[in-house]
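Peer 1: Input file: start.cif. Contents: mmCIF, C-alpha atoms.
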```cif
data_structure
#
loop_
_atom_site.label_atom_id
_atom_site.label_comp_id
_atom_site.auth_asym_id
_atom_site.auth_seq_id
_atom_site.Cartn_x
_atom_site.Cartn_y
_atom_site.Cartn_z
CA MET O 1 -12.01 22.52 -6.55
CA HIS O 2 -9.68 20.28 -8.53
CA GLU O 3 -10.27 17.51 -11.01
CA ALA O 4 -8.53 14.27 -10.06
CA VAL O 5 -7.26 11.11 -11.68
CA PHE O 6 -7.30 8.29 -9.16
CA ASP O 7 -5.06 5.28 -8.68
CA THR O 8 -6.30 2.25 -6.72
CA GLY O 9 -4.39 2.81 -3.44
CA PRO O 10 -6.18 5.87 -2.01
CA LEU O 11 -9.59 4.32 -2.76
CA ILE O 12 -8.62 1.21 -0.80
CA HIS O 13 -6.97 3.10 2.07
CA LEU O 14 -9.86 5.54 2.47
CA TYR O 15 -12.29 2.62 2.40
CA GLU O 16 -10.25 0.90 5.13
CA ILE O 17 -10.71 3.91 7.41
CA GLU O 18 -14.32 4.48 6.27
CA GLN O 19 -13.60 7.85 4.65
CA LEU O 20 -14.45 7.33 0.97
CA VAL O 21 -17.09 9.99 1.51
CA ILE O 22 -14.48 12.78 1.54
CA ILE O 23 -13.51 12.14 -2.12
CA PRO O 24 -16.54 13.72 -3.86
CA ALA O 25 -16.48 16.56 -1.32
CA ILE O 26 -12.87 17.43 -2.19
CA PHE O 27 -12.88 17.10 -5.98
CA LYS O 28 -14.99 18.67 -8.70
CA SER O 29 -14.73 15.54 -10.81
CA ILE O 30 -12.94 12.23 -10.50
CA GLN O 31 -11.60 10.11 -13.30
CA ILE O 32 -10.52 6.52 -12.95
CA PRO O 33 -8.77 4.73 -15.79
CA GLU O 34 -10.44 1.46 -16.73
CA GLN O 35 -7.17 -0.38 -15.95
CA VAL O 36 -7.33 0.92 -12.37
CA PHE O 37 -11.06 0.20 -12.08
CA ARG O 38 -10.44 -3.43 -13.09
CA GLU O 39 -8.07 -3.83 -10.12
CA ILE O 40 -10.87 -2.99 -7.67
CA THR O 41 -12.62 -6.12 -6.47
CA ASN O 42 -13.98 -4.67 -3.25
CA THR O 43 -17.80 -4.45 -3.46
CA PRO O 44 -18.26 -1.40 -1.17
CA ILE O 45 -15.74 0.59 -3.26
CA LEU O 46 -17.48 -0.46 -6.49
CA SER O 47 -20.85 0.54 -4.97
CA PHE O 48 -19.37 3.88 -3.91
CA ILE O 49 -18.16 4.54 -7.48
CA GLN O 50 -21.55 3.55 -8.90
CA TYR O 51 -23.42 5.73 -6.37
CA HIS O 52 -21.32 8.77 -7.36
CA SER O 53 -21.49 8.09 -11.09
CA THR O 54 -22.35 11.73 -11.86
CA LYS O 55 -18.99 12.77 -10.44
CA ILE O 56 -16.84 9.68 -10.99
CA THR O 57 -16.09 8.60 -14.54
CA ILE O 58 -14.36 5.42 -15.67
CA LEU O 59 -12.35 6.09 -18.80
CA PRO O 60 -10.80 3.54 -21.14
CA ILE O 61 -7.15 3.98 -22.11
CA SER O 62 -6.23 2.37 -25.40
CA GLU O 63 -3.21 0.12 -25.92
CA PRO O 64 -1.45 2.65 -28.22
CA GLU O 65 -1.84 5.30 -25.50
CA LEU O 66 -0.34 2.91 -22.94
CA PHE O 67 2.60 2.12 -25.24
CA VAL O 68 3.34 5.80 -25.83
CA THR O 69 3.19 6.44 -22.07
CA LYS O 70 5.46 3.48 -21.42
CA ASP O 71 8.05 4.97 -23.77
CA VAL O 72 7.83 8.41 -22.16
CA PHE O 73 8.26 6.99 -18.65
CA SER O 74 10.68 4.19 -19.48
CA ASN O 75 13.00 5.20 -16.60
CA PHE O 76 10.36 4.35 -13.99
CA ARG O 77 9.22 0.99 -12.63
CA LEU O 78 5.53 1.14 -13.46
CA HIS O 79 2.62 -1.29 -13.69
CA LEU O 80 -0.16 -1.23 -16.26
CA ALA O 81 -2.53 0.69 -13.99
CA ASP O 82 0.21 3.27 -13.28
CA LEU O 83 0.69 3.80 -17.02
CA ALA O 84 -3.06 4.23 -17.42
CA VAL O 85 -3.08 6.95 -14.73
CA LEU O 86 -0.22 8.75 -16.49
CA ALA O 87 -1.91 8.42 -19.89
CA LEU O 88 -5.16 9.82 -18.49
CA LEU O 89 -3.28 12.75 -16.95
CA THR O 90 -2.03 13.76 -20.41
CA ILE O 91 -5.66 13.96 -21.55
CA THR O 92 -7.01 15.74 -18.46
CA ILE O 93 -4.67 18.73 -18.38
CA GLU O 94 -6.07 20.32 -15.21
CA ALA O 95 -6.32 17.17 -13.12
CA ILE O 96 -4.07 16.23 -10.24
CA ALA O 97 -3.00 12.63 -9.66
CA VAL O 98 -4.08 10.81 -6.52
CA THR O 99 -1.88 7.86 -5.61
CA ASP O 100 0.00 6.28 -2.71
CA ASP O 101 2.41 4.49 -5.03
CA LEU O 102 5.85 6.09 -4.75
CA SER O 103 7.05 4.99 -8.21
CA LEU O 104 3.97 6.44 -9.85
CA ARG O 105 4.32 9.55 -7.71
CA LYS O 106 7.90 10.05 -8.96
CA ALA O 107 6.77 9.65 -12.58
CA VAL O 108 3.93 12.16 -12.14
CA GLU O 109 6.25 14.66 -10.44
CA SER O 110 8.78 14.26 -13.24
CA SER O 111 6.17 15.57 -15.65
CA GLY O 112 5.61 18.63 -13.47
CA ARG O 113 2.10 17.63 -12.40
CA THR O 114 0.66 17.75 -8.89
CA VAL O 115 0.26 14.49 -7.04
CA VAL O 116 -1.21 13.75 -3.62
CA GLY O 117 -1.89 10.68 -1.53
CA THR O 118 -4.31 9.55 1.15
CA ILE O 119 -2.67 11.70 3.84
CA GLY O 120 -3.06 14.79 1.67
CA LEU O 121 -6.76 14.04 1.20
CA LEU O 122 -7.29 13.73 4.95
CA PHE O 123 -5.57 17.08 5.60
CA ARG O 124 -7.66 18.66 2.81
CA ALA O 125 -10.80 17.20 4.44
CA LYS O 126 -9.76 18.97 7.64
CA ALA O 127 -9.08 22.24 5.78
CA LEU O 128 -12.56 22.01 4.23
CA GLN O 129 -14.01 21.30 7.71
CA LEU O 130 -15.33 17.92 6.64
CA ILE O 131 -13.57 16.50 9.70
CA ASP O 132 -12.19 18.18 12.84
CA THR O 133 -8.69 18.08 14.34
CA ILE O 134 -9.48 15.19 16.68
CA GLN O 135 -10.90 13.12 13.81
CA LEU O 136 -7.90 13.97 11.63
CA ARG O 137 -5.46 12.79 14.32
CA HIS O 138 -7.48 9.61 14.83
CA LEU O 139 -7.69 8.92 11.07
CA ILE O 140 -3.96 9.50 10.51
CA ASN O 141 -3.22 6.99 13.27
CA GLN O 142 -5.73 4.58 11.73
CA VAL O 143 -4.13 4.91 8.28
CA PHE O 144 -0.69 4.05 9.64
CA ASP O 145 -1.81 1.41 12.14
CA ASP O 146 -4.76 -0.35 10.53
CA SER O 147 -4.74 0.24 6.78
CA THR O 148 -2.58 -1.37 4.13
CA LEU O 149 -0.88 1.96 3.28
CA ILE O 150 2.49 0.84 4.65
CA MET S 151 -4.78 -7.74 -3.61
CA PRO S 152 -2.84 -10.97 -3.04
CA GLN S 153 -4.63 -13.63 -1.04
CA LEU S 154 -2.95 -14.47 2.27
CA LEU S 155 -2.66 -18.08 3.35
CA ASN S 156 -2.31 -18.95 7.02
CA THR S 157 1.19 -19.67 8.32
CA THR S 158 0.69 -23.43 8.58
CA LYS S 159 -0.46 -23.67 4.97
CA GLU S 160 2.47 -21.53 3.83
CA LEU S 161 4.91 -23.73 5.76
CA ASP S 162 3.35 -26.89 4.29
CA PHE S 163 3.73 -25.38 0.83
CA LEU S 164 7.41 -24.56 1.47
CA ILE S 165 8.15 -28.05 2.81
CA HIS S 166 6.50 -29.56 -0.24
CA GLU S 167 8.16 -27.23 -2.77
CA THR S 168 11.68 -27.06 -1.32
CA GLY S 169 11.98 -30.53 0.19
CA LYS S 170 13.56 -28.90 3.26
CA ASP S 171 12.84 -30.01 6.81
CA SER S 172 10.38 -27.86 8.77
CA SER S 173 13.05 -27.10 11.44
CA VAL S 174 15.39 -25.70 8.76
CA LEU S 175 12.62 -23.57 7.30
CA LEU S 176 11.56 -22.31 10.74
CA ALA S 177 15.15 -21.35 11.61
CA GLN S 178 15.42 -19.45 8.33
CA ALA S 179 12.04 -17.78 8.98
CA VAL S 180 13.15 -16.59 12.43
CA GLN S 181 16.43 -15.24 11.03
CA GLU S 182 14.74 -13.38 8.16
CA GLY S 183 11.88 -12.22 10.40
CA ILE S 184 14.31 -10.77 12.97
CA HIS S 185 16.23 -9.03 10.19
CA LEU S 186 13.00 -7.52 8.86
CA LEU S 187 11.99 -6.30 12.33
CA PHE S 188 15.50 -4.92 12.88
CA LYS S 189 15.36 -2.95 9.62
CA ARG S 190 11.89 -1.66 10.48
CA GLN S 191 13.19 -0.44 13.83
CA VAL S 192 16.22 1.20 12.20
CA THR S 193 13.88 2.94 9.75
CA ALA S 194 11.72 4.21 12.62
CA ALA S 195 14.81 5.43 14.50
CA TYR S 196 16.06 7.24 11.39
CA ILE S 197 12.68 8.89 10.76
CA ASN S 198 12.48 9.95 14.42
CA LYS S 199 16.01 11.41 14.12
CA GLN S 200 17.36 9.03 16.76
CA LEU S 201 19.80 7.58 14.23
CA ASP S 202 21.96 9.66 11.90
CA ARG S 203 21.95 9.22 8.13
CA ASN S 204 25.41 7.63 7.90
CA LYS S 205 24.55 4.86 10.37
CA ALA S 206 21.18 4.26 8.67
CA LEU S 207 22.96 4.14 5.31
CA LEU S 208 25.30 1.39 6.52
CA ILE S 209 22.40 -0.75 7.70
CA LEU S 210 19.73 -0.07 5.08
CA GLY S 211 21.78 0.72 1.98
CA ASN S 212 21.50 3.69 -0.35
CA GLU S 213 18.47 2.59 -2.38
CA GLU S 214 16.30 1.85 0.65
CA LEU S 215 17.35 5.03 2.42
CA GLU S 216 16.57 7.16 -0.64
CA GLN S 217 13.15 5.52 -0.79
CA ILE S 218 12.53 6.41 2.87
CA ASP S 219 13.68 10.00 2.28
CA TYR S 220 11.38 10.26 -0.73
CA ALA S 221 8.42 8.82 1.19
CA TRP S 222 9.01 11.35 3.97
CA GLU S 223 9.24 14.20 1.47
CA ALA S 224 6.01 12.97 -0.17
CA LEU S 225 4.28 13.00 3.21
CA GLU S 226 5.36 16.61 3.83
CA LYS S 227 4.14 17.66 0.37
CA ASP S 228 0.83 15.88 0.97
CA ILE S 229 0.29 17.74 4.22
CA SER S 230 1.18 21.04 2.59
CA TRP S 231 -1.26 20.42 -0.29
CA GLY S 232 -3.95 19.29 2.13
CA MET S 233 -3.60 22.47 4.17
CA GLY S 234 -3.87 24.53 1.00
CA ASN S 235 -0.26 25.70 1.00
CA ALA S 236 0.73 24.05 -2.29
#
```
Using structure tokens, write down the structure from this file.
Peer 2:
Amino acid sequence: MHEAVFDTGPLIHLYEIEQLVIIPAIFKSIQIPEQVFREITNTPILSFIQYHSTKITILPISEPELFVTKDVFSNFRLHLADLAVLALLTITIEAIAVTDDLSLRKAVESSGRTVVGTIGLLFRAKALQLIDTIQLRHLINQVFDDSTLI
Amino acid sequence: MPQLLNTTKELDFLIHETGKDSSVLLAQAVQEGIHLLFKRQVTAAYINKQLDRNKALLILGNEELEQIDYAWEALEKDISWGMGNA
């Protein structure tokens, strides 16, 4: 099982298709930068994070760390929360990044780290038999049709 | 997440802010809306391989097409990781 650093998007998209539950089943531990956590205003997602507080940790990223990260990734168009994800990845060496943001994805890939999005998590849920093939097909359709992923 | 206003409120805001007549704004909205739908359809046709890259490039431009290619590549990598192949 992997450790993961989460961006906001996958939390929102999995909530929209009622599949937040797969997150703690897929990852050994989950870290969310404080800057990402502050973007979440959705009560059910906040409750989910609180309920899984033994597995999900909110970590502060200092301003100097953000500035250093901004310099390193100056070629990419990134927001504050994206920089916080990248900064946290430099601290958590083994973790993979979880994001649906293509700019952040490019930045993570440029540093040679693994990155996955909501679709990857759904396929992993199928591989771990948390959902079956019919559910997977239905959820993929739901992500593209009903969620805010695209 | 940005808060969405309903269409009437957005139109009222535009009339107030731009000083343009509602008919002018509606004509512009239809034109831009059609263009957006057209580009969406071109993107779908390109992804479904019903439209070749050169034609898609002429319509969408290089930056947008590269973004679509990257998104598609990301999707394939996601599936591969999910299935345990990465």
Peer 1: Would you list the residues near (14.2, -1.4, 10.6) (no more than 12 Å away, in the coordinates of the file, using only C-alpha atoms) as an MDAnalysis selection string?
Peer 2: chainID S and resid 183:197 201 206:207 209:211 214:215 218
Peer 1: Between chain O and chain S, at 8 Å or less, what are the per-residue closest atom pairs and their distances in Å? Count all atoms listed in the file, order by chain and rising residue number, and return it as JSON lines.
Peer 2:
```
{"residue": "O:Leu102", "atom": "CA", "partner": "S:Ala221", "partner_atom": "CA", "distance": 7.0}
{"residue": "O:Val116", "atom": "CA", "partner": "S:Asp228", "partner_atom": "CA", "distance": 5.5}
{"residue": "O:Gly117", "atom": "CA", "partner": "S:Asp228", "partner_atom": "CA", "distance": 6.4}
{"residue": "O:Ile119", "atom": "CA", "partner": "S:Asp228", "partner_atom": "CA", "distance": 6.2}
{"residue": "O:Gly120", "atom": "CA", "partner": "S:Asp228", "partner_atom": "CA", "distance": 4.1}
{"residue": "O:Leu121", "atom": "CA", "partner": "S:Gly232", "partner_atom": "CA", "distance": 6.0}
{"residue": "O:Leu122", "atom": "CA", "partner": "S:Gly232", "partner_atom": "CA", "distance": 7.1}
{"residue": "O:Phe123", "atom": "CA", "partner": "S:Gly232", "partner_atom": "CA", "distance": 4.4}
{"residue": "O:Arg124", "atom": "CA", "partner": "S:Gly232", "partner_atom": "CA", "distance": 3.8}
{"residue": "O:Ala125", "atom": "CA", "partner": "S:Gly232", "partner_atom": "CA", "distance": 7.5}
{"residue": "O:Lys126", "atom": "CA", "partner": "S:Met233", "partner_atom": "CA", "distance": 7.9}
{"residue": "O:Ala127", "atom": "CA", "partner": "S:Met233", "partner_atom": "CA", "distance": 5.7}
```
Peer 1: Which polymer residues have any atom within 9 Å of an atom of region 74-81 of chain O, counting only C-alpha atoms, with same-chain residues fewer than 2 positions away left out, as a ChimeraX atom specification?
Peer 2: /O:7-8,33-39,66,69-72,83-86,103-104,106-107
Peer 1: Give me, please, the distance in Å between CA of Glu223 (chain S) and CA of His138 (chain O), quoted to one decimal.
Peer 2: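 For CA of Glu223 (chain S) relative to CA of His138 (chain O), the distance reads 21.9 Å.
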Peer 1: Determine, counting all atoms listed in the file, which protein, DNA and RNA residues have an atom within 8 Å of an atom of region 11-16 of chain O; residues of the same chain fewer than 4 positions away are not included. Present the result as a VMD selection string.
Peer 2: chain O and resid 6 to 7 20 45 118 143 146 to 149
Peer 1: One decimal, Å: what's the distance from CA of Ala87 (chain O) over to CA of His52 (chain O), could you say?
Peer 2: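 CA of Ala87 (chain O) sits 23.1 Å away from CA of His52 (chain O).
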Peer 1: Between CA of Ile140 (chain O) and CA of Ile22 (chain O), what distance in Å does the model show, to one decimal?
Peer 2: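 Pair CA of Ile140 (chain O) / CA of Ile22 (chain O) returns 14.2 Å.
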Peer 1: May I ask which of the residues S:Asn198, S:Asp219, S:Asn235, S:Leu161 is the closest one to Ser173 (chain S), counting all atoms listed in the file?
Peer 2: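 The shortest atom-to-atom distance to Ser173 (chain S) comes from S:Leu161.
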Peer 1: Would you translate the PyMOL selection byres ((chain O and resi 115) around 8) into the concrete set of residues it matches in this file, as a count of residues only?
Peer 2: 11
Peer 1: Just region 179-195 of chain S, please, as an mmCIF file, in the first residue's frame (only N, CA and C atoms).
Peer 2:
```cif
data_model
loop_
_atom_site.group_PDB
_atom_site.id
_atom_site.type_symbol
_atom_site.label_atom_id
_atom_site.label_comp_id
_atom_site.auth_asym_id
_atom_site.auth_seq_id
_atom_site.Cartn_x
_atom_site.Cartn_y
_atom_site.Cartn_z
ATOM 1 N N ALA S 179 -23.601 35.932 -26.909
ATOM 2 C CA ALA S 179 -23.638 34.692 -26.115
ATOM 3 C C ALA S 179 -23.898 33.483 -27.013
ATOM 4 N N VAL S 180 -24.810 33.637 -27.956
ATOM 5 C CA VAL S 180 -25.127 32.526 -28.879
ATOM 6 C C VAL S 180 -23.891 32.190 -29.712
ATOM 7 N N GLN S 181 -23.245 33.236 -30.247
ATOM 8 C CA GLN S 181 -22.063 33.029 -31.085
ATOM 9 C C GLN S 181 -20.950 32.307 -30.298
ATOM 10 N N GLU S 182 -20.671 32.811 -29.085
ATOM 11 C CA GLU S 182 -19.597 32.198 -28.291
ATOM 12 C C GLU S 182 -19.994 30.808 -27.804
ATOM 13 N N GLY S 183 -21.278 30.647 -27.484
ATOM 14 C CA GLY S 183 -21.773 29.337 -27.026
ATOM 15 C C GLY S 183 -21.661 28.290 -28.128
ATOM 16 N N ILE S 184 -22.049 28.674 -29.349
ATOM 17 C CA ILE S 184 -21.950 27.756 -30.496
ATOM 18 C C ILE S 184 -20.488 27.378 -30.739
ATOM 19 N N HIS S 185 -19.609 28.374 -30.639
ATOM 20 C CA HIS S 185 -18.184 28.113 -30.863
ATOM 21 C C HIS S 185 -17.641 27.120 -29.822
ATOM 22 N N LEU S 186 -18.085 27.298 -28.585
ATOM 23 C CA LEU S 186 -17.668 26.398 -27.500
ATOM 24 C C LEU S 186 -18.163 24.974 -27.754
ATOM 25 N N LEU S 187 -19.430 24.867 -28.149
ATOM 26 C CA LEU S 187 -20.003 23.540 -28.447
ATOM 27 C C LEU S 187 -19.295 22.901 -29.638
ATOM 28 N N PHE S 188 -18.980 23.724 -30.642
ATOM 29 C CA PHE S 188 -18.276 23.241 -31.832
ATOM 30 C C PHE S 188 -16.909 22.666 -31.440
ATOM 31 N N LYS S 189 -16.168 23.425 -30.614
ATOM 32 C CA LYS S 189 -14.841 22.969 -30.195
ATOM 33 C C LYS S 189 -14.935 21.691 -29.355
ATOM 34 N N ARG S 190 -15.970 21.614 -28.532
ATOM 35 C CA ARG S 190 -16.170 20.415 -27.710
ATOM 36 C C ARG S 190 -16.401 19.194 -28.600
ATOM 37 N N GLN S 191 -17.198 19.420 -29.668
ATOM 38 C CA GLN S 191 -17.500 18.322 -30.590
ATOM 39 C C GLN S 191 -16.250 17.913 -31.379
ATOM 40 N N VAL S 192 -15.457 18.901 -31.770
ATOM 41 C CA VAL S 192 -14.199 18.618 -32.484
ATOM 42 C C VAL S 192 -13.272 17.811 -31.574
ATOM 43 N N THR S 193 -13.201 18.209 -30.309
ATOM 44 C CA THR S 193 -12.370 17.486 -29.338
ATOM 45 C C THR S 193 -12.826 16.031 -29.222
ATOM 46 N N ALA S 194 -14.147 15.845 -29.112
ATOM 47 C CA ALA S 194 -14.688 14.480 -28.996
ATOM 48 C C ALA S 194 -14.356 13.669 -30.248
ATOM 49 N N ALA S 195 -14.502 14.296 -31.422
ATOM 50 C CA ALA S 195 -14.214 13.599 -32.678
ATOM 51 C C ALA S 195 -12.734 13.229 -32.765
#
```
